[in-house]
$ cat model-v8.txt   # compact mmCIF, N, CA and C atoms
# COMPACT_ATOMS: atom_id res chain seq x y z
N MET A 237 -11.64 11.27 0.43
CA MET A 237 -11.27 11.15 1.83
C MET A 237 -10.72 12.49 2.29
N GLN A 238 -11.10 12.89 3.48
CA GLN A 238 -10.63 14.15 4.04
C GLN A 238 -9.26 13.98 4.69
N ALA A 239 -8.54 15.09 4.78
CA ALA A 239 -7.23 15.07 5.42
C ALA A 239 -7.39 14.77 6.91
N PRO A 240 -6.47 14.02 7.50
CA PRO A 240 -6.53 13.77 8.93
C PRO A 240 -6.52 15.08 9.72
N GLN A 241 -7.25 15.13 10.80
CA GLN A 241 -7.37 16.33 11.61
C GLN A 241 -6.06 16.68 12.31
N THR A 242 -5.13 15.74 12.35
CA THR A 242 -3.84 16.00 13.01
C THR A 242 -2.89 16.77 12.12
N ASN A 243 -3.21 16.91 10.84
CA ASN A 243 -2.33 17.63 9.92
C ASN A 243 -2.64 19.11 9.94
N PRO A 244 -1.62 19.97 9.78
CA PRO A 244 -1.85 21.41 9.80
C PRO A 244 -2.52 21.93 8.53
N ALA A 245 -2.51 21.16 7.46
CA ALA A 245 -3.10 21.59 6.19
C ALA A 245 -3.55 20.34 5.43
N PRO A 246 -4.39 20.51 4.41
CA PRO A 246 -4.78 19.35 3.60
C PRO A 246 -3.55 18.65 3.03
N LEU A 247 -3.66 17.37 2.86
CA LEU A 247 -2.54 16.59 2.35
C LEU A 247 -2.31 16.88 0.87
N SER A 248 -1.07 16.99 0.50
CA SER A 248 -0.68 17.08 -0.90
C SER A 248 -0.41 15.67 -1.41
N PRO A 249 -0.71 15.39 -2.65
CA PRO A 249 -0.41 14.06 -3.18
C PRO A 249 1.10 13.80 -3.15
N PHE A 250 1.48 12.59 -2.80
CA PHE A 250 2.89 12.23 -2.87
C PHE A 250 3.16 11.55 -4.20
N HIS A 251 4.42 11.43 -4.56
CA HIS A 251 4.87 10.76 -5.77
C HIS A 251 5.90 9.72 -5.35
N LEU A 252 5.73 8.50 -5.83
CA LEU A 252 6.66 7.43 -5.51
C LEU A 252 6.95 6.65 -6.77
N ALA A 253 8.23 6.50 -7.10
CA ALA A 253 8.66 5.66 -8.21
C ALA A 253 9.33 4.42 -7.64
N PHE A 254 9.07 3.27 -8.24
CA PHE A 254 9.61 2.02 -7.72
C PHE A 254 9.87 1.06 -8.88
N PRO A 255 10.79 0.10 -8.70
CA PRO A 255 11.13 -0.81 -9.78
C PRO A 255 10.17 -1.99 -9.89
N VAL A 256 9.97 -2.44 -11.12
CA VAL A 256 9.23 -3.67 -11.38
C VAL A 256 10.00 -4.47 -12.43
N HIS A 257 9.75 -5.77 -12.46
CA HIS A 257 10.43 -6.61 -13.44
C HIS A 257 9.61 -6.82 -14.70
N ASP A 258 8.30 -6.48 -14.65
CA ASP A 258 7.42 -6.73 -15.78
C ASP A 258 6.28 -5.70 -15.75
N LEU A 259 6.19 -4.87 -16.78
CA LEU A 259 5.16 -3.82 -16.80
C LEU A 259 3.75 -4.39 -16.97
N ALA A 260 3.61 -5.47 -17.74
CA ALA A 260 2.28 -6.07 -17.92
C ALA A 260 1.75 -6.59 -16.58
N GLN A 261 2.62 -7.22 -15.79
CA GLN A 261 2.19 -7.71 -14.48
C GLN A 261 1.88 -6.56 -13.54
N ALA A 262 2.66 -5.49 -13.62
CA ALA A 262 2.38 -4.30 -12.79
C ALA A 262 1.03 -3.70 -13.18
N ARG A 263 0.76 -3.61 -14.47
CA ARG A 263 -0.51 -3.07 -14.96
C ARG A 263 -1.69 -3.91 -14.46
N GLU A 264 -1.56 -5.22 -14.51
CA GLU A 264 -2.61 -6.11 -14.02
C GLU A 264 -2.82 -5.95 -12.52
N PHE A 265 -1.73 -5.95 -11.77
CA PHE A 265 -1.84 -5.89 -10.31
C PHE A 265 -2.38 -4.54 -9.84
N TYR A 266 -1.71 -3.46 -10.22
CA TYR A 266 -2.12 -2.15 -9.72
C TYR A 266 -3.45 -1.70 -10.36
N GLY A 267 -3.64 -2.01 -11.63
CA GLY A 267 -4.86 -1.59 -12.30
C GLY A 267 -6.06 -2.45 -11.95
N ASN A 268 -5.94 -3.76 -12.10
CA ASN A 268 -7.09 -4.64 -11.92
C ASN A 268 -7.26 -5.18 -10.51
N VAL A 269 -6.18 -5.57 -9.86
CA VAL A 269 -6.31 -6.12 -8.51
C VAL A 269 -6.50 -4.98 -7.49
N MET A 270 -5.63 -3.98 -7.53
CA MET A 270 -5.71 -2.87 -6.58
C MET A 270 -6.77 -1.84 -6.98
N GLY A 271 -7.17 -1.80 -8.23
CA GLY A 271 -8.18 -0.85 -8.67
C GLY A 271 -7.67 0.57 -8.85
N CYS A 272 -6.38 0.71 -9.16
CA CYS A 272 -5.78 2.04 -9.35
C CYS A 272 -5.86 2.43 -10.83
N PRO A 273 -6.55 3.52 -11.16
CA PRO A 273 -6.61 3.94 -12.56
C PRO A 273 -5.21 4.25 -13.11
N GLU A 274 -5.01 3.87 -14.36
CA GLU A 274 -3.74 4.13 -15.02
C GLU A 274 -3.71 5.54 -15.58
N GLY A 275 -2.56 6.17 -15.45
CA GLY A 275 -2.34 7.48 -16.04
C GLY A 275 -1.47 7.35 -17.27
N ARG A 276 -0.45 8.17 -17.35
CA ARG A 276 0.46 8.12 -18.50
C ARG A 276 1.33 6.86 -18.42
N SER A 277 1.90 6.50 -19.58
CA SER A 277 2.79 5.34 -19.61
C SER A 277 3.71 5.44 -20.82
N SER A 278 4.73 4.61 -20.79
CA SER A 278 5.64 4.45 -21.93
C SER A 278 6.07 3.00 -21.95
N ASP A 279 7.05 2.68 -22.75
CA ASP A 279 7.59 1.32 -22.78
C ASP A 279 8.44 1.04 -21.55
N GLU A 280 8.74 2.07 -20.76
CA GLU A 280 9.63 1.95 -19.60
C GLU A 280 8.94 2.14 -18.26
N TRP A 281 7.74 2.71 -18.23
CA TRP A 281 7.07 3.02 -16.96
C TRP A 281 5.56 3.19 -17.15
N ILE A 282 4.84 3.08 -16.03
CA ILE A 282 3.39 3.31 -15.99
C ILE A 282 3.10 4.08 -14.71
N ASP A 283 2.30 5.15 -14.81
CA ASP A 283 1.90 5.79 -13.55
C ASP A 283 0.44 5.43 -13.24
N PHE A 284 0.17 5.36 -11.95
CA PHE A 284 -1.14 4.96 -11.44
C PHE A 284 -1.63 5.98 -10.42
N ASN A 285 -2.94 6.11 -10.35
CA ASN A 285 -3.57 6.93 -9.32
C ASN A 285 -3.81 6.02 -8.12
N PHE A 286 -2.93 6.13 -7.13
CA PHE A 286 -2.97 5.30 -5.93
C PHE A 286 -3.70 6.09 -4.85
N TYR A 287 -5.05 6.04 -4.92
CA TYR A 287 -5.89 6.75 -3.95
C TYR A 287 -5.58 8.24 -3.90
N GLY A 288 -5.39 8.84 -5.08
CA GLY A 288 -5.11 10.27 -5.17
C GLY A 288 -3.64 10.62 -5.17
N HIS A 289 -2.78 9.63 -5.05
CA HIS A 289 -1.34 9.85 -5.07
C HIS A 289 -0.78 9.22 -6.35
N GLN A 290 0.36 9.72 -6.80
CA GLN A 290 0.96 9.23 -8.04
C GLN A 290 2.08 8.24 -7.71
N ILE A 291 1.86 6.99 -8.13
CA ILE A 291 2.93 6.01 -8.04
C ILE A 291 3.31 5.62 -9.46
N VAL A 292 4.60 5.34 -9.66
CA VAL A 292 5.09 5.04 -11.00
C VAL A 292 5.92 3.76 -10.96
N ALA A 293 5.46 2.77 -11.69
CA ALA A 293 6.17 1.51 -11.83
C ALA A 293 7.17 1.66 -12.98
N HIS A 294 8.45 1.58 -12.66
CA HIS A 294 9.51 1.71 -13.66
C HIS A 294 10.10 0.33 -13.95
N LEU A 295 10.24 0.01 -15.23
CA LEU A 295 10.85 -1.24 -15.62
C LEU A 295 12.33 -1.19 -15.26
N ALA A 296 12.72 -1.96 -14.27
CA ALA A 296 14.11 -1.99 -13.80
C ALA A 296 14.35 -3.33 -13.08
N PRO A 297 14.33 -4.44 -13.82
CA PRO A 297 14.45 -5.75 -13.19
C PRO A 297 15.73 -5.93 -12.37
N GLN A 298 16.78 -5.22 -12.72
CA GLN A 298 18.04 -5.33 -11.98
C GLN A 298 17.93 -4.75 -10.56
N GLU A 299 16.89 -3.96 -10.31
CA GLU A 299 16.69 -3.33 -8.99
C GLU A 299 15.83 -4.17 -8.05
N ILE A 300 15.27 -5.26 -8.52
CA ILE A 300 14.36 -6.07 -7.73
C ILE A 300 15.16 -6.92 -6.73
N ARG A 301 14.77 -6.80 -5.46
CA ARG A 301 15.39 -7.62 -4.41
C ARG A 301 14.44 -7.68 -3.22
N PRO A 302 14.51 -8.74 -2.45
CA PRO A 302 13.63 -8.85 -1.28
C PRO A 302 13.97 -7.78 -0.24
N ALA A 303 12.96 -7.29 0.42
CA ALA A 303 13.16 -6.30 1.48
C ALA A 303 13.60 -7.00 2.76
N ALA A 304 14.47 -6.36 3.50
CA ALA A 304 14.82 -6.84 4.84
C ALA A 304 13.57 -6.75 5.70
N GLN A 305 13.56 -7.49 6.80
CA GLN A 305 12.40 -7.47 7.69
C GLN A 305 12.81 -7.14 9.11
N ASN A 306 11.90 -6.46 9.80
CA ASN A 306 12.04 -6.20 11.23
C ASN A 306 10.87 -6.87 11.94
N ALA A 307 11.12 -7.36 13.14
CA ALA A 307 10.06 -7.99 13.93
C ALA A 307 9.17 -6.91 14.55
N VAL A 308 7.87 -6.99 14.28
CA VAL A 308 6.88 -6.08 14.86
C VAL A 308 5.67 -6.94 15.23
N ASP A 309 5.30 -6.93 16.49
CA ASP A 309 4.14 -7.70 16.95
C ASP A 309 4.23 -9.17 16.55
N GLY A 310 5.42 -9.73 16.51
CA GLY A 310 5.58 -11.13 16.15
C GLY A 310 5.51 -11.41 14.66
N HIS A 311 5.51 -10.36 13.85
CA HIS A 311 5.47 -10.50 12.40
C HIS A 311 6.77 -9.98 11.80
N GLY A 312 7.14 -10.51 10.65
CA GLY A 312 8.28 -9.98 9.90
C GLY A 312 7.80 -8.88 8.97
N VAL A 313 7.95 -7.64 9.38
CA VAL A 313 7.50 -6.50 8.59
C VAL A 313 8.58 -6.11 7.59
N PRO A 314 8.24 -6.08 6.29
CA PRO A 314 9.23 -5.64 5.31
C PRO A 314 9.64 -4.20 5.60
N VAL A 315 10.93 -3.98 5.74
CA VAL A 315 11.43 -2.64 6.07
C VAL A 315 11.10 -1.67 4.94
N ARG A 316 11.38 -2.05 3.73
CA ARG A 316 11.09 -1.18 2.59
C ARG A 316 9.67 -1.49 2.12
N HIS A 317 8.77 -0.55 2.37
CA HIS A 317 7.39 -0.71 1.91
C HIS A 317 6.74 0.66 1.76
N PHE A 318 5.62 0.68 1.07
CA PHE A 318 4.82 1.89 0.97
C PHE A 318 3.37 1.48 1.12
N GLY A 319 2.49 2.46 1.25
CA GLY A 319 1.09 2.10 1.40
C GLY A 319 0.19 3.30 1.53
N ILE A 320 -0.97 3.04 2.07
CA ILE A 320 -2.02 4.05 2.18
C ILE A 320 -2.83 3.78 3.45
N VAL A 321 -3.40 4.83 4.00
CA VAL A 321 -4.33 4.72 5.12
C VAL A 321 -5.72 4.98 4.54
N LEU A 322 -6.59 4.00 4.66
CA LEU A 322 -7.94 4.08 4.10
C LEU A 322 -8.99 4.16 5.20
N PRO A 323 -10.18 4.61 4.88
CA PRO A 323 -11.30 4.45 5.82
C PRO A 323 -11.50 2.94 6.06
N LEU A 324 -11.95 2.58 7.25
CA LEU A 324 -12.06 1.17 7.62
C LEU A 324 -12.91 0.36 6.64
N ALA A 325 -14.03 0.88 6.20
CA ALA A 325 -14.88 0.13 5.26
C ALA A 325 -14.14 -0.13 3.94
N ASP A 326 -13.36 0.83 3.47
CA ASP A 326 -12.58 0.64 2.24
C ASP A 326 -11.47 -0.37 2.46
N TRP A 327 -10.85 -0.34 3.64
CA TRP A 327 -9.81 -1.31 3.99
C TRP A 327 -10.38 -2.73 3.96
N GLU A 328 -11.55 -2.89 4.58
CA GLU A 328 -12.19 -4.21 4.61
C GLU A 328 -12.53 -4.69 3.20
N ALA A 329 -13.05 -3.78 2.36
CA ALA A 329 -13.40 -4.15 0.99
C ALA A 329 -12.15 -4.54 0.19
N LEU A 330 -11.05 -3.81 0.38
CA LEU A 330 -9.81 -4.15 -0.32
C LEU A 330 -9.28 -5.49 0.16
N ALA A 331 -9.31 -5.74 1.46
CA ALA A 331 -8.86 -7.04 1.98
C ALA A 331 -9.65 -8.18 1.33
N GLU A 332 -10.95 -8.01 1.22
CA GLU A 332 -11.79 -9.04 0.58
C GLU A 332 -11.44 -9.20 -0.90
N ARG A 333 -11.24 -8.09 -1.59
CA ARG A 333 -10.88 -8.14 -3.02
C ARG A 333 -9.54 -8.85 -3.20
N LEU A 334 -8.58 -8.53 -2.35
CA LEU A 334 -7.28 -9.19 -2.44
C LEU A 334 -7.39 -10.68 -2.17
N ARG A 335 -8.16 -11.05 -1.16
CA ARG A 335 -8.37 -12.48 -0.87
C ARG A 335 -9.02 -13.17 -2.06
N ALA A 336 -10.05 -12.55 -2.63
CA ALA A 336 -10.77 -13.13 -3.76
C ALA A 336 -9.85 -13.32 -4.97
N ARG A 337 -8.84 -12.47 -5.11
CA ARG A 337 -7.89 -12.56 -6.22
C ARG A 337 -6.72 -13.49 -5.91
N GLY A 338 -6.74 -14.12 -4.72
CA GLY A 338 -5.69 -15.07 -4.36
C GLY A 338 -4.39 -14.43 -3.92
N THR A 339 -4.43 -13.19 -3.48
CA THR A 339 -3.22 -12.50 -3.02
C THR A 339 -2.65 -13.21 -1.80
N GLN A 340 -1.36 -13.44 -1.83
CA GLN A 340 -0.66 -14.02 -0.69
C GLN A 340 -0.23 -12.87 0.22
N PHE A 341 -0.65 -12.89 1.45
CA PHE A 341 -0.30 -11.83 2.39
C PHE A 341 1.01 -12.14 3.08
N VAL A 342 1.84 -11.12 3.22
CA VAL A 342 3.04 -11.23 4.06
C VAL A 342 2.56 -11.22 5.51
N ILE A 343 1.61 -10.33 5.80
CA ILE A 343 0.93 -10.27 7.10
C ILE A 343 -0.56 -10.18 6.80
N GLU A 344 -1.30 -11.20 7.21
CA GLU A 344 -2.75 -11.24 7.00
C GLU A 344 -3.41 -10.03 7.63
N PRO A 345 -4.53 -9.59 7.08
CA PRO A 345 -5.25 -8.46 7.68
C PRO A 345 -5.60 -8.75 9.15
N TYR A 346 -5.28 -7.78 10.00
CA TYR A 346 -5.60 -7.92 11.43
C TYR A 346 -5.61 -6.55 12.08
N ILE A 347 -6.06 -6.51 13.34
CA ILE A 347 -6.09 -5.28 14.13
C ILE A 347 -4.90 -5.32 15.09
N ARG A 348 -4.07 -4.28 15.02
CA ARG A 348 -2.94 -4.21 15.96
C ARG A 348 -3.18 -3.07 16.94
N PHE A 349 -2.51 -3.13 18.07
CA PHE A 349 -2.68 -2.18 19.17
C PHE A 349 -4.13 -2.14 19.65
N LYS A 350 -4.78 -3.30 19.63
CA LYS A 350 -6.20 -3.38 20.00
C LYS A 350 -6.44 -2.77 21.37
N GLY A 351 -7.39 -1.85 21.42
CA GLY A 351 -7.76 -1.20 22.68
C GLY A 351 -6.84 -0.08 23.10
N GLU A 352 -5.80 0.19 22.31
CA GLU A 352 -4.85 1.26 22.62
C GLU A 352 -5.14 2.47 21.73
N PRO A 353 -4.55 3.63 22.05
CA PRO A 353 -4.83 4.83 21.25
C PRO A 353 -4.50 4.68 19.77
N GLY A 354 -3.48 3.90 19.43
CA GLY A 354 -3.08 3.74 18.03
C GLY A 354 -3.69 2.54 17.34
N GLU A 355 -4.81 2.01 17.88
CA GLU A 355 -5.44 0.84 17.28
C GLU A 355 -5.65 1.05 15.78
N GLN A 356 -5.25 0.05 15.01
CA GLN A 356 -5.33 0.17 13.55
C GLN A 356 -5.48 -1.19 12.90
N ALA A 357 -6.15 -1.20 11.78
CA ALA A 357 -6.20 -2.37 10.92
C ALA A 357 -5.00 -2.28 9.99
N THR A 358 -4.36 -3.40 9.72
CA THR A 358 -3.21 -3.40 8.83
C THR A 358 -3.13 -4.71 8.07
N MET A 359 -2.50 -4.66 6.92
CA MET A 359 -2.19 -5.85 6.13
C MET A 359 -0.99 -5.52 5.26
N PHE A 360 -0.19 -6.53 4.99
CA PHE A 360 0.98 -6.40 4.12
C PHE A 360 0.89 -7.45 3.03
N PHE A 361 1.25 -7.08 1.82
CA PHE A 361 1.30 -8.00 0.70
C PHE A 361 2.34 -7.48 -0.29
N LEU A 362 2.69 -8.31 -1.25
CA LEU A 362 3.69 -7.95 -2.25
C LEU A 362 3.05 -7.80 -3.62
N ASP A 363 3.59 -6.88 -4.42
CA ASP A 363 3.18 -6.83 -5.82
C ASP A 363 3.96 -7.93 -6.56
N PRO A 364 3.70 -8.17 -7.84
CA PRO A 364 4.38 -9.25 -8.56
C PRO A 364 5.90 -9.12 -8.61
N SER A 365 6.44 -7.92 -8.39
CA SER A 365 7.89 -7.72 -8.39
C SER A 365 8.49 -7.79 -7.00
N GLY A 366 7.65 -8.05 -5.99
CA GLY A 366 8.15 -8.17 -4.62
C GLY A 366 8.17 -6.87 -3.84
N ASN A 367 7.59 -5.80 -4.38
CA ASN A 367 7.49 -4.55 -3.64
C ASN A 367 6.43 -4.72 -2.55
N ALA A 368 6.80 -4.42 -1.32
CA ALA A 368 5.89 -4.59 -0.19
C ALA A 368 4.96 -3.39 -0.05
N ILE A 369 3.69 -3.70 0.20
CA ILE A 369 2.66 -2.68 0.35
C ILE A 369 1.96 -2.91 1.68
N GLU A 370 1.77 -1.84 2.45
CA GLU A 370 0.99 -1.91 3.68
C GLU A 370 -0.23 -1.03 3.50
N VAL A 371 -1.38 -1.57 3.84
CA VAL A 371 -2.61 -0.79 3.83
C VAL A 371 -3.14 -0.80 5.25
N LYS A 372 -3.41 0.42 5.77
CA LYS A 372 -3.87 0.59 7.14
C LYS A 372 -5.25 1.24 7.15
N ALA A 373 -5.91 1.15 8.29
CA ALA A 373 -7.16 1.87 8.52
C ALA A 373 -7.30 2.13 10.00
N PHE A 374 -7.92 3.24 10.32
CA PHE A 374 -8.22 3.61 11.70
C PHE A 374 -9.73 3.85 11.80
N SER A 375 -10.33 3.40 12.88
CA SER A 375 -11.75 3.72 13.05
C SER A 375 -11.91 5.21 13.32
N ASP A 376 -10.85 5.84 13.84
CA ASP A 376 -10.84 7.29 14.06
C ASP A 376 -9.52 7.82 13.53
N ILE A 377 -9.55 8.50 12.38
CA ILE A 377 -8.33 8.99 11.73
C ILE A 377 -7.55 9.94 12.63
N LYS A 378 -8.18 10.53 13.62
CA LYS A 378 -7.47 11.42 14.54
C LYS A 378 -6.42 10.65 15.34
N ARG A 379 -6.49 9.34 15.32
CA ARG A 379 -5.53 8.51 16.06
C ARG A 379 -4.33 8.10 15.22
N LEU A 380 -4.21 8.65 14.03
CA LEU A 380 -3.12 8.29 13.13
C LEU A 380 -1.75 8.40 13.81
N PHE A 381 -1.53 9.46 14.59
CA PHE A 381 -0.25 9.67 15.25
C PHE A 381 -0.33 9.51 16.76
N ALA A 382 -1.38 8.86 17.24
CA ALA A 382 -1.58 8.69 18.69
C ALA A 382 -0.48 7.83 19.30
N LYS A 383 -0.08 8.19 20.52
CA LYS A 383 0.95 7.42 21.23
C LYS A 383 0.30 6.56 22.28
$ encode --input "model-v8.txt" --output "structure tokens"
Amino acid sequence: MQAPQTNPAPLSPFHLAFPVHDLAQAREFYGNVMGCPEGRSSDEWIDFNFYGHQIVAHLAPQEIRPAAQNAVDGHGVPVRHFGIVLPLADWEALAERLRARGTQFVIEPYIRFKGEPGEQATMFFLDPSGNAIEVKAFSDIKRLFAK
């Protein structure tokens, strides 16, 4: 995927570490359900290639707690979440894969800001430890920061 045209330079990969209560469940979810290749690991953590970015699931069950929510478009959006912006066709394919795997959505896949400059596809779901993930798509990536 190419960098959005609104950025002054190509995107650098980000790194995100987050807590999980069970590494085997994290490996199944991120590796098999999300399709993220596994990188290095230990008895305490696993890193994954999250669409070219490095995310690391750290075993820390004491850190697991539900995210607070804010109302957005009539939905309860988890305040603490992370995610990715995908091309629309990839977003649609992931939504289908998640549905086929029985993923429970916090917010079902839908189009928000329909007909407006920031129109986007979005969906929210939780990993097995309750970490909220948002996956977005734009038909035109140049609208990523449109007002």
$ atom_distance --input "model-v8.txt" --atom1 "atom N of Gly319 (chain A)" --atom2 "CA of Val371 (chain A)"
6.6 Å
$ axis_aligned_box --input "model-v8.txt" --around "region 347-360 of chain A" --padding-each-side "6 Å" --output "JSON"
{"center_x": -3.4, "center_y": -1.3, "center_z": 13.1, "size_x": 20.7, "size_y": 24.3, "size_z": 32.1}
$ atom_distance --input "model-v8.txt" --atom1 "CA of Phe361 (chain A)" --atom2 "CA of Asp309 (chain A)"
16.5 Å
$ select_by_dssp --input "model-v8.txt" --residues "chain A" --states "helix (DSSP H, G or I)" --output "PyMOL selection string"
chain A and resi 259-269+297-299+324-336+377-379
$ atom_distance --input "model-v8.txt" --atom1 "CA of Ala382 (chain A)" --atom2 "CA of Pro353 (chain A)"
5.7 Å
$ residues_around --input "model-v8.txt" --residues "region 271-285 of chain A" --least-positions-apart "6" --cutoff "5 Å" --atoms "all atoms listed in the file" --output "PyMOL selection string"
chain A and resi 291-295
$ residues_around --input "model-v8.txt" --residues "region 344-346 of chain A" --least-positions-apart "3" --cutoff "7 Å" --atoms "only N, CA and C atoms" --output "ChimeraX atom specification"
/A:331,341,356-360
$ select_by_dssp --input "model-v8.txt" --residues "chain A" --states "strand (DSSP E or B)" --output "PyMOL selection string"
chain A and resi 251-256+274-277+281-286+289-295+305-308+311-314+317-323+341-348+356-362+368-374
$ residues_around --input "model-v8.txt" --residues "Val313 (chain A)" --least-positions-apart "4" --cutoff "8 Å" --atoms "all atoms listed in the file" --output "PyMOL selection string"
chain A and resi 303-309+317+342-343+360
$ residues_around --input "model-v8.txt" --residues "Leu334 (chain A)" --least-positions-apart "6" --cutoff "8 Å" --atoms "only N, CA and C atoms" --output "JSON, numbers by chain"
{"A": [269, 270, 328, 340, 341]}
$ residues_around --input "model-v8.txt" --residues "Val321 (chain A)" --least-positions-apart "6" --cutoff "6.5 Å" --atoms "only N, CA and C atoms" --output "VMD selection string"
chain A and resid 371 to 374
$ closest_residue --input "model-v8.txt" --among "A:Trp327, A:Phe381, A:Phe265, A:Tyr287" --to "Gly354 (chain A)" --atoms "only N, CA and C atoms"
A:Phe381
$ build_atoms --input "model-v8.txt" --residues "region 368-380 of chain A" --atoms "N, CA, C and O atoms" --output "PDB file, in the coordinates of the input"
ATOM      1  N   ALA A 368       6.800  -4.420  -1.320  1.00  0.00           N
ATOM      2  CA  ALA A 368       5.890  -4.590  -0.190  1.00  0.00           C
ATOM      3  C   ALA A 368       4.960  -3.390  -0.050  1.00  0.00           C
ATOM      4  O   ALA A 368       5.386  -2.241  -0.170  1.00  0.00           O
ATOM      5  N   ILE A 369       3.690  -3.700   0.200  1.00  0.00           N
ATOM      6  CA  ILE A 369       2.660  -2.680   0.350  1.00  0.00           C
ATOM      7  C   ILE A 369       1.960  -2.910   1.680  1.00  0.00           C
ATOM      8  O   ILE A 369       1.583  -4.044   1.999  1.00  0.00           O
ATOM      9  N   GLU A 370       1.770  -1.840   2.450  1.00  0.00           N
ATOM     10  CA  GLU A 370       0.990  -1.910   3.680  1.00  0.00           C
ATOM     11  C   GLU A 370      -0.230  -1.030   3.500  1.00  0.00           C
ATOM     12  O   GLU A 370      -0.128   0.117   3.075  1.00  0.00           O
ATOM     13  N   VAL A 371      -1.380  -1.570   3.840  1.00  0.00           N
ATOM     14  CA  VAL A 371      -2.610  -0.790   3.830  1.00  0.00           C
ATOM     15  C   VAL A 371      -3.140  -0.800   5.250  1.00  0.00           C
ATOM     16  O   VAL A 371      -3.278  -1.857   5.874  1.00  0.00           O
ATOM     17  N   LYS A 372      -3.410   0.420   5.770  1.00  0.00           N
ATOM     18  CA  LYS A 372      -3.870   0.590   7.140  1.00  0.00           C
ATOM     19  C   LYS A 372      -5.250   1.240   7.150  1.00  0.00           C
ATOM     20  O   LYS A 372      -5.662   1.853   6.165  1.00  0.00           O
ATOM     21  N   ALA A 373      -5.910   1.150   8.290  1.00  0.00           N
ATOM     22  CA  ALA A 373      -7.160   1.870   8.520  1.00  0.00           C
ATOM     23  C   ALA A 373      -7.300   2.130  10.000  1.00  0.00           C
ATOM     24  O   ALA A 373      -6.810   1.360  10.834  1.00  0.00           O
ATOM     25  N   PHE A 374      -7.920   3.240  10.320  1.00  0.00           N
ATOM     26  CA  PHE A 374      -8.220   3.610  11.700  1.00  0.00           C
ATOM     27  C   PHE A 374      -9.730   3.850  11.800  1.00  0.00           C
ATOM     28  O   PHE A 374     -10.306   4.457  10.893  1.00  0.00           O
ATOM     29  N   SER A 375     -10.330   3.400  12.880  1.00  0.00           N
ATOM     30  CA  SER A 375     -11.750   3.720  13.050  1.00  0.00           C
ATOM     31  C   SER A 375     -11.910   5.210  13.320  1.00  0.00           C
ATOM     32  O   SER A 375     -12.947   5.783  13.039  1.00  0.00           O
ATOM     33  N   ASP A 376     -10.850   5.840  13.840  1.00  0.00           N
ATOM     34  CA  ASP A 376     -10.840   7.290  14.060  1.00  0.00           C
ATOM     35  C   ASP A 376      -9.520   7.820  13.530  1.00  0.00           C
ATOM     36  O   ASP A 376      -8.466   7.632  14.146  1.00  0.00           O
ATOM     37  N   ILE A 377      -9.550   8.500  12.380  1.00  0.00           N
ATOM     38  CA  ILE A 377      -8.330   8.990  11.730  1.00  0.00           C
ATOM     39  C   ILE A 377      -7.550   9.940  12.630  1.00  0.00           C
ATOM     40  O   ILE A 377      -6.327  10.099  12.448  1.00  0.00           O
ATOM     41  N   LYS A 378      -8.180  10.530  13.620  1.00  0.00           N
ATOM     42  CA  LYS A 378      -7.470  11.420  14.540  1.00  0.00           C
ATOM     43  C   LYS A 378      -6.420  10.650  15.340  1.00  0.00           C
ATOM     44  O   LYS A 378      -5.554  11.251  15.959  1.00  0.00           O
ATOM     45  N   ARG A 379      -6.490   9.340  15.320  1.00  0.00           N
ATOM     46  CA  ARG A 379      -5.530   8.510  16.060  1.00  0.00           C
ATOM     47  C   ARG A 379      -4.330   8.100  15.220  1.00  0.00           C
ATOM     48  O   ARG A 379      -3.516   7.298  15.660  1.00  0.00           O
ATOM     49  N   LEU A 380      -4.210   8.650  14.030  1.00  0.00           N
ATOM     50  CA  LEU A 380      -3.120   8.290  13.130  1.00  0.00           C
ATOM     51  C   LEU A 380      -1.750   8.400  13.810  1.00  0.00           C
ATOM     52  O   LEU A 380      -0.890   7.554  13.642  1.00  0.00           O
TER      53      LEU A 380
END
